[in-house]
Amino acid sequence: MSPSTIRELRACLGLTQARAAALFGVDHRTWVKWEGAERSMPGPAQRLLLLIARYPDSREHLESLTQQAAN
């Protein structure tokens with residue numbers, strides 16, 4: 001997946017880079033590198049991003065799971 005596609009999908013979901021990074025369980029700098037073509041986004045993260053873009057309601061479930069895991 002190209003960095004511009006990652007950026008476009010994130011923007012369409014209304015996520016900041018920081019929020020997207022938290023949702024995916026990665027450091028903010030990692031997300032910036034994915035969008036800046038410094039590092040390739042791993043396949044599982046790509047599939048998750050595509051899934052969330054296709055089914056936006058799934059984002060709420062993922063955010064809930066992320067919050068539960070943090071507690």
# chains A, B, ... in the order shown; residues from 1 in each chain; ligands from 1

$ select_by_dssp --residues "chain A" --states "alpha helix (DSSP H)" --output "mmCIF file with C-alpha atoms, in the first residue's frame"
data_model
loop_
_atom_site.group_PDB
_atom_site.id
_atom_site.type_symbol
_atom_site.label_atom_id
_atom_site.label_comp_id
_atom_site.auth_asym_id
_atom_site.auth_seq_id
_atom_site.Cartn_x
_atom_site.Cartn_y
_atom_site.Cartn_z
ATOM 1 C CA PRO A 3 2.047 6.083 1.669
ATOM 2 C CA SER A 4 -0.473 8.343 -0.060
ATOM 3 C CA THR A 5 -3.150 5.646 0.206
ATOM 4 C CA ILE A 6 -2.431 5.232 3.909
ATOM 5 C CA ARG A 7 -2.712 9.006 4.365
ATOM 6 C CA GLU A 8 -5.940 9.210 2.333
ATOM 7 C CA LEU A 9 -7.619 6.354 4.189
ATOM 8 C CA ARG A 10 -6.635 7.816 7.556
ATOM 9 C CA ALA A 11 -7.967 11.225 6.550
ATOM 10 C CA CYS A 12 -11.225 9.716 5.254
ATOM 11 C CA GLN A 17 -1.760 10.448 12.813
ATOM 12 C CA ALA A 18 -1.523 10.247 16.601
ATOM 13 C CA ARG A 19 -5.016 8.751 16.948
ATOM 14 C CA ALA A 20 -4.415 6.280 14.128
ATOM 15 C CA ALA A 21 -1.155 5.197 15.746
ATOM 16 C CA ALA A 22 -2.888 4.653 19.089
ATOM 17 C CA LEU A 23 -5.688 2.702 17.411
ATOM 18 C CA PHE A 24 -3.183 0.431 15.662
ATOM 19 C CA HIS A 28 3.248 7.900 16.507
ATOM 20 C CA ARG A 29 6.665 8.038 14.812
ATOM 21 C CA THR A 30 5.982 4.659 13.210
ATOM 22 C CA TRP A 31 2.771 5.961 11.660
ATOM 23 C CA VAL A 32 4.572 9.053 10.399
ATOM 24 C CA LYS A 33 7.195 6.809 8.784
ATOM 25 C CA TRP A 34 4.476 4.749 7.081
ATOM 26 C CA GLU A 35 2.953 7.883 5.578
ATOM 27 C CA GLY A 43 0.604 -6.505 5.777
ATOM 28 C CA PRO A 44 -1.617 -7.111 8.825
ATOM 29 C CA ALA A 45 -1.798 -3.365 9.526
ATOM 30 C CA GLN A 46 -2.665 -2.724 5.877
ATOM 31 C CA ARG A 47 -5.491 -5.247 6.036
ATOM 32 C CA LEU A 48 -6.778 -3.732 9.260
ATOM 33 C CA LEU A 49 -6.747 -0.243 7.747
ATOM 34 C CA LEU A 50 -8.631 -1.474 4.688
ATOM 35 C CA LEU A 51 -11.138 -3.288 6.889
ATOM 36 C CA ILE A 52 -11.801 -0.187 8.992
ATOM 37 C CA ALA A 53 -12.137 1.920 5.833
ATOM 38 C CA ARG A 54 -14.638 -0.574 4.371
ATOM 39 C CA ASP A 57 -18.393 0.994 12.435
ATOM 40 C CA SER A 58 -15.660 -1.525 13.187
ATOM 41 C CA ARG A 59 -13.492 1.388 14.321
ATOM 42 C CA GLU A 60 -15.687 1.884 17.396
ATOM 43 C CA HIS A 61 -15.225 -1.761 18.338
ATOM 44 C CA LEU A 62 -11.477 -1.536 17.853
ATOM 45 C CA GLU A 63 -11.292 1.640 19.949
ATOM 46 C CA SER A 64 -13.261 -0.096 22.695
ATOM 47 C CA LEU A 65 -10.882 -3.062 22.639
ATOM 48 C CA THR A 66 -7.894 -0.716 22.689
ATOM 49 C CA GLN A 67 -9.254 1.072 25.749
ATOM 50 C CA GLN A 68 -9.972 -2.209 27.534
ATOM 51 C CA ALA A 69 -6.446 -3.449 26.853
ATOM 52 C CA ALA A 70 -4.994 -0.230 28.294
#

$ closest_residue --among "A:Asp27, A:Pro56, A:Ala37, A:Met1" --to "Leu15 (chain A)" --atoms "only C-alpha atoms"
A:Pro56
